[in-house]
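S.K.: Dropping in upload_2.pdb, which is PDB, C-alpha atoms:
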```pdb
MODEL        1
ATOM      1  CA  MET A   1    -100.647  57.550-144.719
ATOM      2  CA  LEU A   2    -102.759  58.904-141.877
ATOM      3  CA  CYS A   3    -102.892  57.245-138.482
ATOM      4  CA  LEU A   4    -105.612  54.618-138.169
ATOM      5  CA  LEU A   5    -106.299  55.742-134.603
ATOM      6  CA  CYS A   6    -105.997  59.532-134.452
ATOM      7  CA  ASN A   7    -105.939  60.446-138.166
ATOM      8  CA  SER A   8    -102.660  62.374-137.831
ATOM      9  CA  GLU A   9     -99.663  62.200-140.114
ATOM     10  CA  THR A  10     -97.310  59.241-139.894
ATOM     11  CA  ILE A  11     -93.683  58.615-140.732
ATOM     12  CA  LEU A  12     -92.024  55.471-142.026
ATOM     13  CA  CYS A  13     -91.102  53.209-139.123
ATOM     14  CA  SER A  14     -89.835  50.011-140.716
ATOM     15  CA  GLU A  15     -89.794  47.976-143.901
ATOM     16  CA  ILE A  16     -89.242  44.362-142.977
ATOM     17  CA  GLN A  17     -90.376  40.967-144.325
ATOM     18  CA  GLU A  18     -91.932  42.722-147.333
ATOM     19  CA  LYS A  19     -94.201  44.723-145.022
ATOM     20  CA  THR A  20     -94.283  48.451-144.309
ATOM     21  CA  TYR A  21     -94.990  49.956-140.900
ATOM     22  CA  TYR A  22     -95.678  53.579-140.030
ATOM     23  CA  LYS A  23     -95.443  55.486-136.759
ATOM     24  CA  CYS A  24     -97.875  58.249-135.848
ATOM     25  CA  THR A  25     -96.328  61.635-135.102
ATOM     26  CA  LYS A  26     -99.084  62.419-132.582
ATOM     27  CA  CYS A  27    -100.340  59.375-130.673
ATOM     28  CA  GLU A  28     -97.149  57.369-131.373
ATOM     29  CA  GLY A  29     -99.019  54.257-132.446
ATOM     30  CA  ILE A  30     -97.257  51.973-134.931
ATOM     31  CA  MET A  31     -99.346  50.430-137.674
ATOM     32  CA  LEU A  32     -99.026  48.032-140.542
ATOM     33  CA  ASP A  33     -99.796  49.481-143.958
ATOM     34  CA  PRO A  34    -103.410  48.403-144.674
ATOM     35  CA  SER A  35    -102.322  46.986-148.020
ATOM     36  CA  HIS A  36    -100.813  44.121-146.003
ATOM     37  CA  PHE A  37    -103.957  43.363-143.989
ATOM     38  CA  LEU A  38    -105.279  39.833-144.381
ATOM     39  CA  SER A  39    -108.666  39.255-145.939
ATOM     40  CA  GLN A  40    -111.415  38.119-143.588
ATOM     41  CA  GLY A  41    -111.072  34.589-144.916
ATOM     42  CA  LYS A  42    -107.303  34.466-144.374
ATOM     43  CA  GLU A  43    -107.658  36.070-140.961
ATOM     44  CA  LYS A  44    -110.221  33.452-139.912
ATOM     45  CA  GLU A  45    -107.934  30.669-141.189
ATOM     46  CA  HIS A  46    -105.125  32.019-139.022
ATOM     47  CA  TYR A  47    -107.332  32.192-135.914
ATOM     48  CA  ASP A  48    -108.493  28.635-136.536
ATOM     49  CA  LEU A  49    -104.876  27.530-136.022
ATOM     50  CA  HIS A  50    -104.861  28.824-132.440
ATOM     51  CA  GLN A  51    -105.054  26.118-129.801
ATOM     52  CA  ASN A  52    -107.039  28.026-127.170
ATOM     53  CA  ASP A  53    -108.047  25.359-124.669
ATOM     54  CA  ILE A  54    -110.064  26.933-121.847
ATOM     55  CA  ASN A  55    -108.815  24.201-119.493
ATOM     56  CA  ASP A  56    -105.130  24.856-120.232
ATOM     57  CA  HIS A  57    -103.506  26.048-116.992
ATOM     58  CA  ALA A  58    -100.856  28.126-118.771
ATOM     59  CA  TYR A  59    -103.599  29.884-120.748
ATOM     60  CA  GLN A  60    -105.554  30.477-117.541
ATOM     61  CA  ASN A  61    -102.473  31.914-115.830
ATOM     62  CA  PHE A  62    -101.888  34.210-118.801
ATOM     63  CA  VAL A  63    -105.317  35.819-118.451
ATOM     64  CA  SER A  64    -105.333  35.758-114.639
ATOM     65  CA  PRO A  65    -104.465  39.476-114.203
ATOM     66  CA  ILE A  66    -107.718  40.394-115.948
ATOM     67  CA  VAL A  67    -109.765  37.719-114.201
ATOM     68  CA  ASN A  68    -108.414  38.770-110.811
ATOM     69  CA  GLY A  69    -109.040  42.425-111.607
ATOM     70  CA  VAL A  70    -112.695  41.683-112.309
ATOM     71  CA  LEU A  71    -113.069  39.480-109.213
ATOM     72  CA  GLU A  72    -111.539  42.166-107.006
ATOM     73  CA  THR A  73    -113.694  45.000-108.347
ATOM     74  CA  TYR A  74    -117.025  43.530-109.416
ATOM     75  CA  SER A  75    -119.545  41.037-108.132
ATOM     76  CA  SER A  76    -121.806  38.464-109.748
ATOM     77  CA  THR A  77    -124.559  41.092-109.955
ATOM     78  CA  HIS A  78    -122.570  43.155-112.473
ATOM     79  CA  LYS A  79    -122.691  42.505-116.206
ATOM     80  CA  GLY A  80    -119.561  41.884-118.252
ATOM     81  CA  LEU A  81    -118.544  41.444-121.878
ATOM     82  CA  ASP A  82    -115.584  39.421-123.167
ATOM     83  CA  PHE A  83    -114.880  41.376-126.368
ATOM     84  CA  GLY A  84    -112.905  39.472-128.992
ATOM     85  CA  ALA A  85    -113.157  36.283-126.971
ATOM     86  CA  GLY A  86    -111.809  34.056-129.741
ATOM     87  CA  SER A  87    -112.404  30.346-130.176
ATOM     88  CA  GLY A  88    -111.549  29.592-126.530
ATOM     89  CA  PRO A  89    -113.176  32.227-124.301
ATOM     90  CA  VAL A  90    -111.138  31.347-121.210
ATOM     91  CA  ILE A  91    -111.917  34.588-119.311
ATOM     92  CA  THR A  92    -115.641  34.017-119.768
ATOM     93  CA  HIS A  93    -115.186  30.397-118.692
ATOM     94  CA  LEU A  94    -113.312  31.307-115.507
ATOM     95  CA  LEU A  95    -115.700  34.070-114.489
ATOM     96  CA  VAL A  96    -118.815  31.993-115.217
ATOM     97  CA  ASN A  97    -117.309  29.313-112.976
ATOM     98  CA  ASN A  98    -117.332  31.984-110.284
ATOM     99  CA  GLU A  99    -121.024  32.591-111.060
ATOM    100  CA  TYR A 100    -120.322  35.902-112.802
ATOM    101  CA  ASP A 101    -122.664  37.315-115.430
ATOM    102  CA  ILE A 102    -120.443  37.692-118.488
ATOM    103  CA  VAL A 103    -121.061  37.024-122.181
ATOM    104  CA  ALA A 104    -118.573  36.449-124.995
ATOM    105  CA  TYR A 105    -118.500  38.291-128.315
ATOM    106  CA  ASP A 106    -116.186  37.622-131.238
ATOM    107  CA  PRO A 107    -116.771  38.564-134.892
ATOM    108  CA  TYR A 108    -115.745  35.077-136.031
ATOM    109  CA  PHE A 109    -116.598  32.654-133.229
ATOM    110  CA  CYS A 110    -119.548  34.116-131.291
ATOM    111  CA  SER A 111    -120.917  36.932-133.391
ATOM    112  CA  ASP A 112    -124.263  37.759-131.781
ATOM    113  CA  LYS A 113    -124.555  41.450-132.736
ATOM    114  CA  LYS A 114    -127.335  41.909-130.184
ATOM    115  CA  LEU A 115    -124.629  41.809-127.505
ATOM    116  CA  LEU A 116    -123.317  45.070-128.967
ATOM    117  CA  GLU A 117    -126.662  46.758-128.337
ATOM    118  CA  LYS A 118    -126.311  46.482-124.543
ATOM    119  CA  ARG A 119    -124.072  48.201-121.989
ATOM    120  CA  TYR A 120    -121.817  46.610-119.443
ATOM    121  CA  ASP A 121    -120.224  47.281-116.061
ATOM    122  CA  TYR A 122    -116.935  45.870-117.306
ATOM    123  CA  ILE A 123    -115.447  44.792-120.609
ATOM    124  CA  VAL A 124    -112.413  42.561-121.050
ATOM    125  CA  CYS A 125    -110.309  42.824-124.183
ATOM    126  CA  CYS A 126    -107.426  40.346-123.886
ATOM    127  CA  GLU A 127    -104.877  40.223-126.719
ATOM    128  CA  VAL A 128    -107.392  41.851-129.041
ATOM    129  CA  MET A 129    -106.536  45.527-129.549
ATOM    130  CA  GLU A 130    -103.410  44.737-131.594
ATOM    131  CA  HIS A 131    -105.767  43.097-134.140
ATOM    132  CA  PHE A 132    -107.891  46.228-134.704
ATOM    133  CA  TYR A 133    -107.885  47.175-138.395
ATOM    134  CA  ASN A 134    -109.762  50.335-137.406
ATOM    135  CA  PRO A 135    -108.772  51.146-133.803
ATOM    136  CA  ALA A 136    -110.612  54.489-133.824
ATOM    137  CA  LYS A 137    -113.888  52.727-134.589
ATOM    138  CA  GLU A 138    -113.278  49.888-132.130
ATOM    139  CA  PHE A 139    -112.382  52.109-129.176
ATOM    140  CA  GLY A 140    -115.401  54.259-129.926
ATOM    141  CA  LEU A 141    -117.528  51.115-129.812
ATOM    142  CA  LEU A 142    -115.953  49.898-126.559
ATOM    143  CA  LYS A 143    -116.533  53.271-124.933
ATOM    144  CA  SER A 144    -120.188  53.245-126.018
ATOM    145  CA  LEU A 145    -120.717  49.770-124.532
ATOM    146  CA  LEU A 146    -119.377  50.731-121.119
ATOM    147  CA  LEU A 147    -121.675  51.955-118.366
ATOM    148  CA  PRO A 148    -120.748  55.034-116.285
ATOM    149  CA  ASN A 149    -117.951  54.208-113.832
ATOM    150  CA  GLY A 150    -117.348  50.969-115.730
ATOM    151  CA  THR A 151    -113.959  49.452-116.460
ATOM    152  CA  LEU A 152    -112.286  48.370-119.689
ATOM    153  CA  TYR A 153    -109.590  45.759-119.045
ATOM    154  CA  CYS A 154    -107.060  45.301-121.854
ATOM    155  CA  LYS A 155    -103.978  43.182-122.390
ATOM    156  CA  THR A 156    -101.426  43.595-125.181
ATOM    157  CA  LYS A 157     -97.675  43.907-125.604
ATOM    158  CA  LEU A 158     -96.674  47.570-125.501
ATOM    159  CA  TYR A 159     -93.934  49.075-127.639
ATOM    160  CA  ASN A 160     -91.298  51.327-126.117
ATOM    161  CA  PRO A 161     -88.149  52.963-127.532
ATOM    162  CA  THR A 162     -85.862  50.314-126.017
ATOM    163  CA  ILE A 163     -87.394  47.729-128.368
ATOM    164  CA  ASN A 164     -85.849  47.170-131.786
ATOM    165  CA  PHE A 165     -89.029  47.075-133.844
ATOM    166  CA  THR A 166     -87.312  45.337-136.750
ATOM    167  CA  THR A 167     -86.521  42.290-134.615
ATOM    168  CA  TRP A 168     -89.537  42.502-132.281
ATOM    169  CA  TRP A 169     -91.270  39.114-132.256
ATOM    170  CA  TYR A 170     -94.696  40.558-131.451
ATOM    171  CA  LYS A 171     -95.084  42.148-134.872
ATOM    172  CA  ASN A 172     -94.543  38.838-136.681
ATOM    173  CA  ASP A 173     -98.086  37.550-136.214
ATOM    174  CA  PRO A 174     -99.778  38.486-139.517
ATOM    175  CA  THR A 175    -102.952  39.513-137.659
ATOM    176  CA  HIS A 176    -101.110  41.972-135.387
ATOM    177  CA  VAL A 177    -101.561  45.274-137.185
ATOM    178  CA  PHE A 178    -101.519  48.091-134.599
ATOM    179  CA  PHE A 179     -99.079  48.539-131.723
ATOM    180  CA  TYR A 180     -99.449  50.847-128.745
ATOM    181  CA  SER A 181     -97.060  52.728-126.498
ATOM    182  CA  ASN A 182     -97.825  54.387-123.165
ATOM    183  CA  ASN A 183     -98.404  57.664-124.985
ATOM    184  CA  THR A 184    -100.870  55.990-127.358
ATOM    185  CA  LEU A 185    -102.893  54.759-124.389
ATOM    186  CA  LEU A 186    -102.854  58.231-122.835
ATOM    187  CA  TRP A 187    -104.147  59.625-126.134
ATOM    188  CA  ILE A 188    -106.985  57.069-126.088
ATOM    189  CA  LYS A 189    -107.809  57.975-122.493
ATOM    190  CA  ASN A 190    -108.081  61.687-123.381
ATOM    191  CA  GLN A 191    -109.779  61.290-126.762
ATOM    192  CA  TYR A 192    -112.497  58.933-125.535
ATOM    193  CA  LYS A 193    -112.872  60.754-122.219
ATOM    194  CA  PHE A 194    -112.006  57.946-119.864
ATOM    195  CA  GLU A 195    -111.483  59.147-116.312
ATOM    196  CA  SER A 196    -108.131  57.373-116.014
ATOM    197  CA  VAL A 197    -105.835  54.742-117.492
ATOM    198  CA  THR A 198    -103.552  52.511-115.452
ATOM    199  CA  ILE A 199    -100.715  50.850-117.331
ATOM    200  CA  ASN A 200     -98.486  47.980-116.274
ATOM    201  CA  ASP A 201     -96.937  44.921-117.877
ATOM    202  CA  ALA A 202     -99.801  42.604-116.963
ATOM    203  CA  ILE A 203    -102.905  44.692-117.606
ATOM    204  CA  ILE A 204    -104.146  48.031-118.952
ATOM    205  CA  THR A 205    -107.183  49.443-117.170
ATOM    206  CA  PHE A 206    -109.368  52.264-118.518
ATOM    207  CA  LYS A 207    -111.859  53.655-116.001
ATOM    208  CA  ASN A 208    -114.996  55.258-117.399
ATOM    209  CA  THR A 209    -116.415  58.546-116.189
TER     210      THR A 209
ENDMDL
END
```
Could you rewrite the structure in this file as structure tokens?
M.R.:
Amino acid sequence: MLCLLCNSETILCSEIQEKTYYKCTKCEGIMLDPSHFLSQGKEKEHYDLHQNDINDHAYQNFVSPIVNGVLETYSSTHKGLDFGAGSGPVITHLLVNNEYDIVAYDPYFCSDKKLLEKRYDYIVCCEVMEHFYNPAKEFGLLKSLLLPNGTLYCKTKLYNPTINFTTWWYKNDPTHVFFYSNNTLLWIKNQYKFESVTINDAIITFKNT
């Protein structure tokens, strides 16, 4: 199959738990064979099982690198988008409590498409990009929604060669379908013409031109 992100050739990565995964020979992304993707109904059922309480302190601590990044860089006069906010938009909740102007979008839980017709100073995308069935389309959309000099804040677990993919717990969520390495993020930065990408364990930051 061809890579879902860069459309290059892939090689077999793993066959485990009756699922097949491929690795891209160019961008080095790892993807689940689309034949194993959940239907929209099954995907929604899975998300409904999540207990995302916006008042949960552990949940708030988990997203704090993104929240702090926004607070350190932007003010309440800037406009933000919480993309893929889920059923418990904790980042939106925390920033609104700081009187920030941010709105939440999620295709299942807050699906106001008019929010995708505007542009934003910053976009947060926390534990979302691994769910992209079509990452090329989604990163193109995110880029188009970002104002010049804006920032895209992302959070996901990155794959690296020291990880045994077969036993890697992060792949076991049935809605996790695309996995990124540092080289994949660098490919995204170059392909979508971001000025820079900063990568660490807590947060991935794309800076727009």
S.K.: Would you mind telling me which residue in A:Val177, A:Leu116, A:Leu38, A:Cys27 lies nearest to Leu5 of chain A when using all atoms listed in the file?
M.R.: A:Cys27
S.K.: Given the file above and the PyMOL selection byres ((chain A and resi 13-24) around 8), which residues are selected, and can you give them as a PyMOL selection string?
M.R.: chain A and resi 1-3+8-12+25-33+36+165-166
S.K.: Tell me which of A:Thr73, A:Thr209, A:Ser87, A:Asn200 sits closest to Lys44 of chain A, counting only C-alpha atoms.
M.R.: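 Residue with the minimum atom-to-atom distance to Lys44 of chain A: A:Ser87.
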S.K.: Using all atoms listed in the file, determine which residues lie at most 10 Å from Phe132 of chain A, disregarding the query and same-chain residues fewer than 2 positions distant; provide the list as a PyMOL selection string.
M.R.: chain A and resi 4-5+31+128-130+134-139+175-179
S.K.: Quick one: distance from atom CA of Thr151 of chain A to atom CA of Phe109 of chain A in Å, one decimal?
M.R.: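 Computing it gives 23.9 Å between the two atoms.
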S.K.: Between atom CA of Thr92 of chain A and atom CA of Asn190 of chain A, what is the distance in Å, rounded to a tenth?
M.R.: 28.9 Å
